[in-house]
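S.K.: Please find query20.cif (mmCIF, C-alpha atoms) on the next line:
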```cif
data_structure
loop_
_atom_site.label_atom_id
_atom_site.label_comp_id
_atom_site.auth_asym_id
_atom_site.auth_seq_id
_atom_site.Cartn_x
_atom_site.Cartn_y
_atom_site.Cartn_z
CA MET J 667 82.18 13.53 80.70
CA ALA J 668 79.84 13.60 77.77
CA ASP J 669 81.74 13.15 74.54
CA ASP J 670 79.01 15.01 72.69
CA ILE J 671 78.39 12.29 70.12
CA ILE J 672 75.25 11.81 68.07
CA LEU J 673 74.74 8.93 65.64
CA LEU J 674 72.14 9.29 62.88
CA ASP J 675 71.27 5.78 61.78
CA PHE J 676 68.63 3.43 60.44
CA TRP J 677 68.29 0.18 62.37
CA PRO J 678 68.72 -2.38 59.52
CA SER J 679 71.76 -0.64 58.04
CA MET J 680 74.88 -2.79 58.16
CA PHE J 681 76.84 0.45 57.68
CA GLY J 682 75.31 2.05 60.77
CA MET J 683 76.05 -1.11 62.73
CA ARG J 684 79.75 -0.72 61.97
CA VAL J 685 79.73 2.63 63.75
CA LYS J 686 77.80 1.22 66.70
CA ILE J 687 80.39 -1.54 67.10
CA ALA J 688 83.28 0.96 66.96
CA LEU J 689 81.61 3.22 69.54
CA ALA J 690 80.98 0.22 71.80
CA GLU J 691 84.58 -1.02 71.41
CA LYS J 692 85.75 2.37 72.66
CA ASP J 693 83.16 2.38 75.47
CA LEU J 694 81.63 5.64 74.32
CA LYS J 695 78.30 7.13 75.34
CA TYR J 696 76.31 8.69 72.54
CA GLU J 697 72.85 9.78 71.52
CA TYR J 698 71.28 7.46 68.97
CA ARG J 699 68.77 8.97 66.56
CA GLU J 700 66.75 6.72 64.29
CA GLU J 701 66.13 8.18 60.83
CA ASP J 702 63.08 7.49 58.69
CA LEU J 703 64.70 7.22 55.27
CA ARG J 704 61.40 7.99 53.52
CA ASN J 705 61.28 11.24 55.47
CA LYS J 706 64.84 12.32 56.22
CA SER J 707 65.29 14.77 59.08
CA PRO J 708 66.49 18.33 58.44
CA LEU J 709 69.49 17.46 60.62
CA LEU J 710 70.51 14.55 58.35
CA LEU J 711 70.13 16.67 55.24
CA GLU J 712 72.17 19.43 56.86
CA MET J 713 74.90 17.11 58.13
CA ASN J 714 75.21 15.03 54.96
CA PRO J 715 74.11 17.28 52.09
CA VAL J 716 76.33 15.45 49.58
CA HIS J 717 74.98 11.91 49.97
CA LYS J 718 71.96 12.43 52.29
CA LYS J 719 72.66 9.00 53.78
CA ILE J 720 73.16 7.38 57.14
CA PRO J 721 75.23 6.72 59.13
CA VAL J 722 76.41 10.17 60.15
CA LEU J 723 78.44 10.70 63.29
CA ILE J 724 78.16 14.18 64.77
CA HIS J 725 81.02 14.93 67.17
CA HIS J 726 81.03 18.31 68.92
CA GLY J 727 78.53 19.45 66.30
CA LYS J 728 80.73 18.47 63.31
CA PRO J 729 79.58 15.69 60.96
CA ILE J 730 81.60 12.74 59.71
CA CYS J 731 80.01 10.66 56.93
CA GLU J 732 80.69 7.27 55.28
CA SER J 733 80.93 4.35 57.70
CA GLN J 734 84.58 3.33 57.03
CA ILE J 735 85.69 6.93 57.43
CA ILE J 736 83.68 7.25 60.65
CA VAL J 737 85.22 4.06 62.07
CA GLU J 738 88.75 5.30 61.25
CA TYR J 739 87.92 8.66 62.83
CA ILE J 740 86.69 6.97 66.01
CA ASP J 741 89.82 4.80 66.06
CA GLU J 742 92.09 7.86 65.70
CA VAL J 743 90.35 10.09 68.26
CA TRP J 744 89.97 7.41 70.93
CA LYS J 745 93.23 5.72 70.12
CA ASP J 746 94.10 4.51 73.59
CA LYS J 747 91.34 1.95 73.86
CA SER J 748 90.79 -1.19 71.74
CA PRO J 749 92.64 -0.08 68.58
CA LEU J 750 90.83 -1.33 65.49
CA LEU J 751 93.56 -0.67 62.93
CA PRO J 752 97.01 -2.25 63.40
CA SER J 753 99.97 0.06 64.00
CA ASP J 754 102.18 -1.27 61.18
CA PRO J 755 101.64 0.70 57.93
CA TYR J 756 101.64 -2.40 55.71
CA GLU J 757 99.10 -4.20 57.89
CA ARG J 758 96.99 -1.03 57.98
CA ALA J 759 97.04 -0.94 54.17
CA GLN J 760 95.94 -4.58 54.04
CA ALA J 761 93.12 -3.91 56.54
CA ARG J 762 91.91 -0.93 54.49
CA PHE J 763 92.15 -2.99 51.30
CA TRP J 764 89.94 -5.79 52.63
CA ALA J 765 87.43 -3.40 54.21
CA ASP J 766 87.27 -1.66 50.82
CA TYR J 767 86.76 -5.06 49.15
CA VAL J 768 83.78 -5.73 51.43
CA ASP J 769 82.39 -2.31 50.49
CA LYS J 770 82.82 -2.90 46.78
CA LYS J 771 81.25 -6.35 46.66
CA ILE J 772 79.01 -7.57 49.46
CA PHE J 773 76.21 -5.00 49.63
CA GLU J 774 75.41 -4.97 45.91
CA LEU J 775 75.59 -8.73 45.53
CA GLY J 776 73.41 -9.28 48.60
CA ARG J 777 70.92 -6.75 47.28
CA LYS J 778 70.77 -8.50 43.90
CA ILE J 779 69.95 -11.77 45.65
CA TRP J 780 66.78 -10.44 47.28
CA THR J 781 65.68 -8.22 44.41
CA THR J 782 66.12 -10.53 41.41
CA LYS J 783 65.09 -13.98 40.22
CA GLY J 784 66.22 -16.69 37.85
CA GLU J 785 69.56 -16.28 36.07
CA ASP J 786 70.35 -12.87 37.59
CA GLN J 787 69.82 -14.21 41.08
CA GLU J 788 71.89 -17.34 40.40
CA ALA J 789 74.74 -15.21 39.09
CA ALA J 790 74.59 -12.97 42.17
CA LYS J 791 74.57 -15.97 44.51
CA LYS J 792 77.56 -17.51 42.77
CA GLU J 793 79.47 -14.25 42.89
CA LEU J 794 78.61 -13.60 46.55
CA ILE J 795 79.80 -17.06 47.56
CA GLY J 796 82.96 -16.49 45.53
CA CYS J 797 83.65 -13.23 47.39
CA LEU J 798 82.88 -14.76 50.79
CA LYS J 799 85.27 -17.63 50.00
CA ILE J 800 87.99 -15.13 49.14
CA LEU J 801 87.38 -13.41 52.47
CA GLU J 802 87.37 -16.80 54.21
CA GLY J 803 90.74 -17.49 52.58
CA GLU J 804 92.06 -14.17 53.83
CA LEU J 805 90.90 -15.03 57.36
CA GLY J 806 92.70 -18.39 57.18
CA GLU J 807 93.25 -20.00 60.54
CA LYS J 808 93.36 -16.70 62.44
CA PRO J 809 90.64 -15.94 65.00
CA PHE J 810 90.09 -12.50 63.46
CA PHE J 811 91.18 -10.86 60.21
CA SER J 812 94.16 -9.01 61.73
CA GLY J 813 95.16 -11.92 63.95
CA GLU J 814 94.47 -12.31 67.65
CA ASN J 815 92.44 -9.15 68.05
CA PHE J 816 89.11 -8.01 66.67
CA GLY J 817 89.75 -5.19 64.22
CA PHE J 818 88.81 -3.01 61.28
CA VAL J 819 88.08 -5.72 58.72
CA ASP J 820 86.02 -7.70 61.24
CA VAL J 821 83.95 -4.56 61.92
CA SER J 822 83.45 -4.00 58.18
CA LEU J 823 82.23 -7.52 57.40
CA VAL J 824 80.51 -8.86 60.52
CA THR J 825 77.60 -6.45 60.20
CA PHE J 826 76.55 -8.22 56.99
CA SER J 827 76.16 -11.47 58.95
CA CYS J 828 72.75 -10.42 60.31
CA TRP J 829 71.64 -10.08 56.68
CA PHE J 830 72.83 -13.59 55.74
CA TYR J 831 69.56 -15.20 56.86
CA ALA J 832 67.60 -12.92 54.49
CA TYR J 833 70.02 -13.61 51.61
CA GLU J 834 69.72 -17.37 52.25
CA ARG J 835 65.96 -17.30 52.57
CA PHE J 836 65.35 -15.41 49.31
CA GLY J 837 68.28 -16.97 47.46
CA ASN J 838 67.47 -20.45 48.68
CA PHE J 839 71.01 -21.42 49.64
CA SER J 840 73.17 -21.88 52.71
CA ILE J 841 76.18 -19.66 53.33
CA GLU J 842 77.35 -21.93 56.16
CA ALA J 843 77.45 -24.92 53.80
CA GLU J 844 79.76 -22.99 51.45
CA CYS J 845 81.80 -21.00 53.98
CA PRO J 846 81.79 -22.81 57.33
CA LYS J 847 84.93 -21.08 58.63
CA LEU J 848 83.46 -17.69 57.91
CA ILE J 849 80.28 -18.54 59.81
CA ALA J 850 82.42 -19.83 62.70
CA TRP J 851 84.16 -16.43 62.62
CA THR J 852 80.80 -14.59 62.77
CA LYS J 853 79.87 -16.62 65.87
CA ARG J 854 83.23 -15.78 67.42
CA CYS J 855 82.60 -12.08 66.77
CA MET J 856 79.11 -12.35 68.27
CA GLN J 857 80.68 -13.41 71.57
CA LYS J 858 81.90 -9.85 71.88
CA GLU J 859 79.38 -7.57 73.51
CA SER J 860 80.18 -4.71 71.15
CA VAL J 861 79.05 -6.91 68.25
CA SER J 862 76.08 -8.70 69.80
CA SER J 863 74.65 -5.42 71.09
CA SER J 864 75.08 -3.70 67.70
CA LEU J 865 73.81 -6.22 65.17
CA ALA J 866 70.12 -6.40 64.36
CA ASP J 867 68.13 -9.59 64.79
CA PRO J 868 68.38 -11.61 61.53
CA PHE J 869 64.65 -12.46 61.66
CA LYS J 870 63.76 -8.78 61.98
CA ILE J 871 66.06 -8.04 59.01
CA CYS J 872 64.29 -10.74 57.01
CA GLY J 873 60.92 -9.22 57.93
CA PHE J 874 62.23 -5.84 56.79
CA VAL J 875 63.30 -7.34 53.45
CA VAL J 876 59.82 -8.87 53.03
CA LEU J 877 58.35 -5.38 53.41
CA LEU J 878 60.86 -3.88 50.98
CA ARG J 879 60.12 -6.55 48.37
CA LYS J 880 56.39 -5.81 48.71
CA LYS J 881 57.12 -2.12 48.32
CA PHE J 882 59.23 -2.69 45.20
CA GLY J 883 56.68 -5.14 43.81
CA ILE J 884 59.03 -8.13 43.86
CA GLU J 885 57.27 -11.49 43.99
CA MET A 600 118.11 -0.75 55.07
CA ALA A 601 117.92 -0.60 51.28
CA GLN A 602 114.40 0.17 50.15
CA GLU A 603 113.12 -1.37 46.97
CA VAL A 604 110.14 0.51 45.64
CA LYS A 605 108.39 -0.39 42.40
CA LEU A 606 105.25 1.11 40.96
CA PHE A 607 103.18 -0.86 38.46
CA GLY A 608 101.24 1.69 36.46
CA MET A 609 100.20 2.89 33.05
CA TRP A 610 101.15 6.23 31.52
CA ALA A 611 97.55 7.38 30.90
CA SER A 612 96.21 6.16 34.25
CA LEU A 613 95.62 9.15 36.52
CA TYR A 614 95.40 6.73 39.43
CA SER A 615 99.02 5.73 38.72
CA ARG A 616 99.98 9.42 38.49
CA ARG A 617 98.62 9.95 42.01
CA ILE A 618 101.19 7.52 43.36
CA GLU A 619 104.05 8.98 41.31
CA ILE A 620 103.28 12.45 42.66
CA ALA A 621 103.20 11.23 46.27
CA LEU A 622 106.47 9.28 45.94
CA LYS A 623 108.21 12.29 44.37
CA MET A 624 106.87 14.61 47.08
CA LYS A 625 108.44 12.30 49.64
CA GLY A 626 111.71 12.04 47.69
CA VAL A 627 111.36 8.27 47.35
CA GLN A 628 113.40 6.58 44.60
CA PHE A 629 111.30 4.09 42.69
CA GLU A 630 111.17 2.04 39.53
CA PHE A 631 108.15 2.60 37.32
CA ILE A 632 106.92 -0.47 35.50
CA GLU A 633 104.68 0.36 32.54
CA GLU A 634 101.85 -2.15 32.14
CA ASP A 635 100.05 -2.97 28.91
CA LEU A 636 96.49 -3.15 30.24
CA GLN A 637 95.41 -5.28 27.28
CA ASN A 638 98.09 -7.79 28.19
CA LYS A 639 98.73 -7.59 31.93
CA SER A 640 102.01 -8.96 33.21
CA PRO A 641 102.09 -12.10 35.38
CA LEU A 642 103.71 -9.98 38.12
CA LEU A 643 100.81 -7.50 38.17
CA LEU A 644 98.27 -10.32 38.25
CA LYS A 645 100.19 -11.92 41.10
CA HIS A 646 100.50 -8.74 43.15
CA ASN A 647 96.88 -7.64 42.60
CA SER A 648 95.10 -10.93 42.11
CA ILE A 649 91.84 -9.50 43.48
CA HIS A 650 91.27 -6.50 41.22
CA LYS A 651 94.02 -7.06 38.58
CA LYS A 652 94.43 -3.29 38.20
CA VAL A 653 97.06 -0.60 38.31
CA PRO A 654 98.47 1.07 40.29
CA VAL A 655 100.19 -1.41 42.57
CA LEU A 656 103.04 -0.31 44.82
CA LEU A 657 105.59 -2.97 45.64
CA HIS A 658 107.67 -2.05 48.70
CA ASN A 659 110.45 -4.50 49.52
CA GLY A 660 108.42 -7.17 47.74
CA MET A 661 105.14 -6.41 49.58
CA PRO A 662 102.26 -5.27 47.36
CA ILE A 663 99.73 -2.55 48.13
CA ALA A 664 96.79 -1.91 45.79
CA GLU A 665 94.07 0.77 45.39
CA SER A 666 95.43 4.27 44.86
CA LEU A 667 93.91 6.01 47.90
CA ILE A 668 95.08 3.18 50.15
CA ILE A 669 98.57 3.39 48.61
CA LEU A 670 98.65 7.15 49.30
CA GLU A 671 97.95 6.55 53.00
CA TYR A 672 100.60 3.81 53.10
CA ILE A 673 103.16 6.16 51.56
CA ASP A 674 102.29 8.88 54.08
CA GLU A 675 102.62 6.48 57.02
CA THR A 676 105.88 4.93 55.79
CA TRP A 677 107.85 8.01 54.63
CA LEU A 678 107.20 10.65 57.22
CA ASP A 679 108.74 13.76 55.57
CA ASN A 680 106.35 16.19 53.84
CA PRO A 681 103.12 14.75 55.25
CA ILE A 682 100.29 14.70 52.72
CA LEU A 683 97.39 13.97 55.09
CA PRO A 684 96.41 16.53 57.74
CA ARG A 685 97.33 15.79 61.36
CA ASP A 686 93.96 16.51 62.92
CA PRO A 687 91.60 13.48 62.87
CA TYR A 688 88.61 15.57 61.74
CA ASP A 689 90.56 17.13 58.87
CA ARG A 690 91.80 13.65 57.90
CA ALA A 691 88.22 12.37 57.87
CA MET A 692 87.21 15.28 55.61
CA ALA A 693 90.12 14.67 53.22
CA ARG A 694 89.21 10.98 52.99
CA PHE A 695 85.53 11.82 52.50
CA TRP A 696 86.18 14.16 49.56
CA ALA A 697 88.71 11.81 47.94
CA ARG A 698 86.15 9.00 48.07
CA PHE A 699 83.52 11.40 46.78
CA ILE A 700 85.66 12.10 43.71
CA ASP A 701 86.25 8.42 42.97
CA GLU A 702 82.83 7.02 43.88
CA LYS A 703 80.41 9.78 42.93
CA LEU A 704 81.85 12.74 41.00
CA ILE A 705 83.55 10.79 38.22
CA TRP A 706 80.51 8.59 37.54
CA ILE A 707 78.01 11.44 37.58
CA SER A 708 80.31 13.42 35.31
CA TRP A 709 80.69 10.45 32.95
CA ASP A 710 76.88 10.40 32.75
CA ALA A 711 76.95 14.08 31.85
CA PHE A 712 79.61 13.53 29.16
CA SER A 713 78.02 10.43 27.67
CA SER A 714 74.25 11.00 27.94
CA LYS A 715 71.98 11.18 24.96
CA GLU A 716 71.00 14.71 24.00
CA GLU A 717 67.56 14.52 25.59
CA ASP A 718 68.99 13.46 28.99
CA GLN A 719 72.11 15.57 28.87
CA GLY A 720 70.73 18.81 30.36
CA LYS A 721 69.67 17.09 33.58
CA ALA A 722 72.90 15.07 33.79
CA ILE A 723 75.02 18.21 33.36
CA GLU A 724 73.01 19.97 36.06
CA GLU A 725 73.62 17.11 38.47
CA ALA A 726 77.35 16.98 37.69
CA CYS A 727 77.66 20.74 38.19
CA LYS A 728 76.00 20.39 41.61
CA GLN A 729 78.64 17.84 42.63
CA LEU A 730 81.49 19.95 41.23
CA LYS A 731 80.18 22.93 43.18
CA ALA A 732 80.19 20.88 46.40
CA LEU A 733 83.87 20.06 45.80
CA GLU A 734 84.69 23.66 44.90
CA ASN A 735 83.15 24.82 48.18
CA GLU A 736 85.62 22.61 50.00
CA LEU A 737 88.51 24.75 48.74
CA LYS A 738 87.16 27.81 50.56
CA GLU A 739 89.97 30.39 50.89
CA LYS A 740 92.82 27.93 50.52
CA GLU A 741 95.49 27.76 47.81
CA PHE A 742 95.19 24.00 47.70
CA PHE A 743 92.85 21.49 49.33
CA GLY A 744 95.80 20.66 51.59
CA GLY A 745 96.27 24.30 52.61
CA ASP A 746 99.42 26.15 51.47
CA THR A 747 100.88 23.10 49.78
CA LEU A 748 99.67 20.02 47.92
CA GLY A 749 98.06 17.37 50.06
CA TYR A 750 96.25 14.06 49.81
CA LEU A 751 93.05 15.57 48.47
CA ASP A 752 94.86 17.63 45.83
CA ILE A 753 96.59 14.45 44.66
CA ALA A 754 93.26 12.60 44.61
CA ALA A 755 91.70 15.50 42.71
CA ILE A 756 94.11 15.01 39.79
CA MET A 757 90.99 13.53 38.21
CA VAL A 758 89.42 17.00 38.25
CA ALA A 759 92.61 18.69 37.06
CA SER A 760 93.17 16.39 34.11
CA TRP A 761 90.31 14.05 33.28
CA PHE A 762 87.67 16.75 32.96
CA GLY A 763 89.71 18.79 30.48
CA VAL A 764 90.41 15.70 28.38
CA MET A 765 86.81 14.50 28.42
CA GLN A 766 85.47 17.95 27.57
CA GLU A 767 87.59 17.99 24.45
CA VAL A 768 86.81 14.41 23.42
CA MET A 769 83.07 14.50 24.11
CA LYS A 770 82.58 18.17 23.17
CA VAL A 771 80.63 18.85 26.39
CA GLU A 772 81.42 21.81 28.65
CA LEU A 773 81.27 21.07 32.34
CA LEU A 774 84.15 22.55 34.36
CA THR A 775 84.25 26.11 33.02
CA GLU A 776 85.94 29.19 34.47
CA GLU A 777 82.65 30.98 34.32
CA ASN A 778 80.82 28.45 36.47
CA PHE A 779 83.73 27.30 38.65
CA PRO A 780 86.23 30.14 38.97
CA ILE A 781 87.76 28.88 42.22
CA LEU A 782 88.08 25.26 41.11
CA CYS A 783 89.57 26.30 37.77
CA GLN A 784 92.05 28.52 39.59
CA TRP A 785 93.04 25.49 41.66
CA VAL A 786 93.46 23.43 38.47
CA GLY A 787 95.85 26.07 37.12
CA LYS A 788 97.93 26.07 40.31
CA PHE A 789 97.91 22.29 40.56
CA VAL A 790 99.14 21.58 37.04
CA ASP A 791 101.78 24.29 37.46
CA CYS A 792 103.40 22.57 40.46
CA PRO A 793 106.82 21.29 39.33
CA ILE A 794 106.21 17.74 40.60
CA VAL A 795 102.81 17.54 38.92
CA LYS A 796 104.30 18.92 35.67
CA GLU A 797 106.84 16.08 35.75
CA CYS A 798 104.15 13.46 36.21
CA LEU A 799 101.19 14.57 34.10
CA PRO A 800 101.25 13.41 30.49
CA ARG A 801 100.61 16.12 27.87
CA LYS A 802 96.94 16.87 27.37
CA GLU A 803 97.11 16.22 23.62
CA LYS A 804 98.47 12.72 24.27
CA MET A 805 95.70 12.03 26.80
CA VAL A 806 93.04 13.32 24.38
CA GLU A 807 94.34 11.10 21.58
CA PHE A 808 94.47 8.09 23.90
CA THR A 809 90.93 8.73 25.18
CA ARG A 810 89.58 9.12 21.64
CA VAL A 811 90.96 5.69 20.77
CA LEU A 812 89.67 4.17 24.02
CA LEU A 813 86.17 5.50 23.39
CA LYS A 814 86.14 5.04 19.62
CA ASP A 815 83.29 2.55 19.60
CA PHE A 816 81.24 4.73 21.90
CA LEU A 817 81.96 7.85 19.85
CA ALA A 818 81.10 6.05 16.61
CA SER A 819 77.72 5.04 17.98
CA LYS A 820 76.83 8.64 18.95
#
```
Transcribe the structure of this file into structure tokens.
M.R.:
Amino acid sequence: MADDIILLDFWPSMFGMRVKIALAEKDLKYEYREEDLRNKSPLLLEMNPVHKKIPVLIHHGKPICESQIIVEYIDEVWKDKSPLLPSDPYERAQARFWADYVDKKIFELGRKIWTTKGEDQEAAKKELIGCLKILEGELGEKPFFSGENFGFVDVSLVTFSCWFYAYERFGNFSIEAECPKLIAWTKRCMQKESVSSSLADPFKICGFVVLLRKKFGIE
Amino acid sequence: MAQEVKLFGMWASLYSRRIEIALKMKGVQFEFIEEDLQNKSPLLLKHNSIHKKVPVLLHNGMPIAESLIILEYIDETWLDNPILPRDPYDRAMARFWARFIDEKLIWISWDAFSSKEEDQGKAIEEACKQLKALENELKEKEFFGGDTLGYLDIAAIMVASWFGVMQEVMKVELLTEENFPILCQWVGKFVDCPIVKECLPRKEKMVEFTRVLLKDFLASK
């Protein structure tokens, strides 16, 4: 039975990848529509008039926007398969807290690394490593952030891992050298089909960043 | 089992007020711990070592931080008087608009309040567009939550209180009855709710506090 799901996305977006992983975890069929962000479709503008951004999930014709909200929605509607959030309220609050932390920190810091130079870039690198170490600490010795099972925080963070190569290339540093346990965790996540089939190729992401830098006139 | 509930907050923090309102709606007994944000207590720094901010809810010794996350925790722990809708789509919408308030509306409105004269017209126009989007979400309902206060109403305390305070301090009109009759009607109903009345500090006190907070900014204008 068709679940009547459309995903509006843009292939390099780590936010869109989160939704792809969630849909794959729940074994859902959907129509994928690639958006050209320089020329947004009328459908995107209609479905997300407030932010005009991807990803947007359209379920039975109704839009859900903002990747964390979409992932929670997917988890609540298709609750019988591969739950992403734990059932205990305190653990759910912790999962939401760390996913929110990823949202608040990683994207902006990563972006600063490939758009700036000199002192600004050094500061961004230092801060990014600091944040990744905090996340590594939160992971601890567990296989995944919530414990034995892949879950909400893993979905939120793992999609940035295909951008790590670009950050390292332009920032001239190694994330694995600083956060080996976190990189081990990304490899563990990549063993899951839902993750490996949803993440973009890191070399393609790097090529995309090269184009963006040219476009923004960054040397 | 005895429940120990503590709320680390600050009297002028609307984020702290959100949590107070939710706890009172659920009939939860709690101890409010007033923080001096210029001199944060070791306990606060221990329980929210990541962001070092209020509010923090401490439930039987376990800390939860970030006001919207705390609201969901409260709703999932104390099941009477639910504040989030039951339907997953409606829940997604409530979460979307609450995030919108915190991540977009407040910042765009701050721009409108604080812009230089030459940029102010455009900033006000943009803020009004965002306020209109939120107003449209009310549709025919008494409250965002329907007939009674819900999660989004609690989140929108920023609209009910902060805008009025800022308009007086910065002398910039944004949320007016003329431009936003439905939203202003909601503000009136919201602040009139007995629980909200108990929790919201008096406007004059908030205005005075904000004037002091922004004194350097105001002096430079």
S.K.: Please check which residues have atoms at most 12 Å from (74.2, -1.4, 54.4) in the file's coordinates, counting all atoms listed in the file, and write them as a PyMOL selection string.
M.R.: chain J and resi 675-685+719-721+732-734+768-777+822-829+865-866+871
S.K.: Can I get the selected residues back with C-alpha atoms, as a PDB file, in the coordinates of the input?
M.R.:
```pdb
ATOM      1  CA  ASP J 675      71.270   5.780  61.780  1.00  0.00           C
ATOM      2  CA  PHE J 676      68.630   3.430  60.440  1.00  0.00           C
ATOM      3  CA  TRP J 677      68.290   0.180  62.370  1.00  0.00           C
ATOM      4  CA  PRO J 678      68.720  -2.380  59.520  1.00  0.00           C
ATOM      5  CA  SER J 679      71.760  -0.640  58.040  1.00  0.00           C
ATOM      6  CA  MET J 680      74.880  -2.790  58.160  1.00  0.00           C
ATOM      7  CA  PHE J 681      76.840   0.450  57.680  1.00  0.00           C
ATOM      8  CA  GLY J 682      75.310   2.050  60.770  1.00  0.00           C
ATOM      9  CA  MET J 683      76.050  -1.110  62.730  1.00  0.00           C
ATOM     10  CA  ARG J 684      79.750  -0.720  61.970  1.00  0.00           C
ATOM     11  CA  VAL J 685      79.730   2.630  63.750  1.00  0.00           C
ATOM     12  CA  LYS J 719      72.660   9.000  53.780  1.00  0.00           C
ATOM     13  CA  ILE J 720      73.160   7.380  57.140  1.00  0.00           C
ATOM     14  CA  PRO J 721      75.230   6.720  59.130  1.00  0.00           C
ATOM     15  CA  GLU J 732      80.690   7.270  55.280  1.00  0.00           C
ATOM     16  CA  SER J 733      80.930   4.350  57.700  1.00  0.00           C
ATOM     17  CA  GLN J 734      84.580   3.330  57.030  1.00  0.00           C
ATOM     18  CA  VAL J 768      83.780  -5.730  51.430  1.00  0.00           C
ATOM     19  CA  ASP J 769      82.390  -2.310  50.490  1.00  0.00           C
ATOM     20  CA  LYS J 770      82.820  -2.900  46.780  1.00  0.00           C
ATOM     21  CA  LYS J 771      81.250  -6.350  46.660  1.00  0.00           C
ATOM     22  CA  ILE J 772      79.010  -7.570  49.460  1.00  0.00           C
ATOM     23  CA  PHE J 773      76.210  -5.000  49.630  1.00  0.00           C
ATOM     24  CA  GLU J 774      75.410  -4.970  45.910  1.00  0.00           C
ATOM     25  CA  LEU J 775      75.590  -8.730  45.530  1.00  0.00           C
ATOM     26  CA  GLY J 776      73.410  -9.280  48.600  1.00  0.00           C
ATOM     27  CA  ARG J 777      70.920  -6.750  47.280  1.00  0.00           C
ATOM     28  CA  SER J 822      83.450  -4.000  58.180  1.00  0.00           C
ATOM     29  CA  LEU J 823      82.230  -7.520  57.400  1.00  0.00           C
ATOM     30  CA  VAL J 824      80.510  -8.860  60.520  1.00  0.00           C
ATOM     31  CA  THR J 825      77.600  -6.450  60.200  1.00  0.00           C
ATOM     32  CA  PHE J 826      76.550  -8.220  56.990  1.00  0.00           C
ATOM     33  CA  SER J 827      76.160 -11.470  58.950  1.00  0.00           C
ATOM     34  CA  CYS J 828      72.750 -10.420  60.310  1.00  0.00           C
ATOM     35  CA  TRP J 829      71.640 -10.080  56.680  1.00  0.00           C
ATOM     36  CA  LEU J 865      73.810  -6.220  65.170  1.00  0.00           C
ATOM     37  CA  ALA J 866      70.120  -6.400  64.360  1.00  0.00           C
ATOM     38  CA  ILE J 871      66.060  -8.040  59.010  1.00  0.00           C
TER      39      ILE J 871
END
```
S.K.: Have a look at CA of Leu683 in chain A and CA of Leu670 in chain A and let me know their distance in Å, one decimal.
M.R.: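 CA of Leu683 in chain A sits 9.0 Å away from CA of Leu670 in chain A.
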S.K.: Give me, as a PDB file with C-alpha atoms, in the frame of the given file, the contact residues of chain A against chain J at a cut-off of 10 Å, counting only C-alpha atoms.
M.R.:
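Output file part15.pdb follows:
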```
ATOM      1  CA  ILE A 649      91.840  -9.500  43.480  1.00  0.00           C
ATOM      2  CA  HIS A 650      91.270  -6.500  41.220  1.00  0.00           C
ATOM      3  CA  HIS A 658     107.670  -2.050  48.700  1.00  0.00           C
ATOM      4  CA  MET A 661     105.140  -6.410  49.580  1.00  0.00           C
ATOM      5  CA  PRO A 662     102.260  -5.270  47.360  1.00  0.00           C
ATOM      6  CA  ILE A 663      99.730  -2.550  48.130  1.00  0.00           C
ATOM      7  CA  ALA A 664      96.790  -1.910  45.790  1.00  0.00           C
ATOM      8  CA  GLU A 665      94.070   0.770  45.390  1.00  0.00           C
ATOM      9  CA  LEU A 667      93.910   6.010  47.900  1.00  0.00           C
ATOM     10  CA  ILE A 668      95.080   3.180  50.150  1.00  0.00           C
ATOM     11  CA  ILE A 669      98.570   3.390  48.610  1.00  0.00           C
ATOM     12  CA  LEU A 670      98.650   7.150  49.300  1.00  0.00           C
ATOM     13  CA  GLU A 671      97.950   6.550  53.000  1.00  0.00           C
ATOM     14  CA  TYR A 672     100.600   3.810  53.100  1.00  0.00           C
ATOM     15  CA  ILE A 673     103.160   6.160  51.560  1.00  0.00           C
ATOM     16  CA  ASP A 674     102.290   8.880  54.080  1.00  0.00           C
ATOM     17  CA  GLU A 675     102.620   6.480  57.020  1.00  0.00           C
ATOM     18  CA  THR A 676     105.880   4.930  55.790  1.00  0.00           C
ATOM     19  CA  ASP A 686      93.960  16.510  62.920  1.00  0.00           C
ATOM     20  CA  PRO A 687      91.600  13.480  62.870  1.00  0.00           C
ATOM     21  CA  TYR A 688      88.610  15.570  61.740  1.00  0.00           C
ATOM     22  CA  ASP A 689      90.560  17.130  58.870  1.00  0.00           C
ATOM     23  CA  ARG A 690      91.800  13.650  57.900  1.00  0.00           C
ATOM     24  CA  ALA A 691      88.220  12.370  57.870  1.00  0.00           C
ATOM     25  CA  MET A 692      87.210  15.280  55.610  1.00  0.00           C
ATOM     26  CA  ALA A 693      90.120  14.670  53.220  1.00  0.00           C
ATOM     27  CA  ARG A 694      89.210  10.980  52.990  1.00  0.00           C
ATOM     28  CA  PHE A 695      85.530  11.820  52.500  1.00  0.00           C
ATOM     29  CA  TRP A 696      86.180  14.160  49.560  1.00  0.00           C
ATOM     30  CA  ARG A 698      86.150   9.000  48.070  1.00  0.00           C
ATOM     31  CA  PHE A 699      83.520  11.400  46.780  1.00  0.00           C
ATOM     32  CA  LYS A 703      80.410   9.780  42.930  1.00  0.00           C
ATOM     33  CA  LYS A 728      76.000  20.390  41.610  1.00  0.00           C
ATOM     34  CA  GLN A 729      78.640  17.840  42.630  1.00  0.00           C
ATOM     35  CA  ALA A 732      80.190  20.880  46.400  1.00  0.00           C
ATOM     36  CA  LEU A 733      83.870  20.060  45.800  1.00  0.00           C
TER      37      LEU A 733
END
```
S.K.: A:Leu613, A:Leu751, A:Leu643, A:Val768: which is nearest Ala697 in chain A, counting all atoms listed in the file?
M.R.: A:Leu751
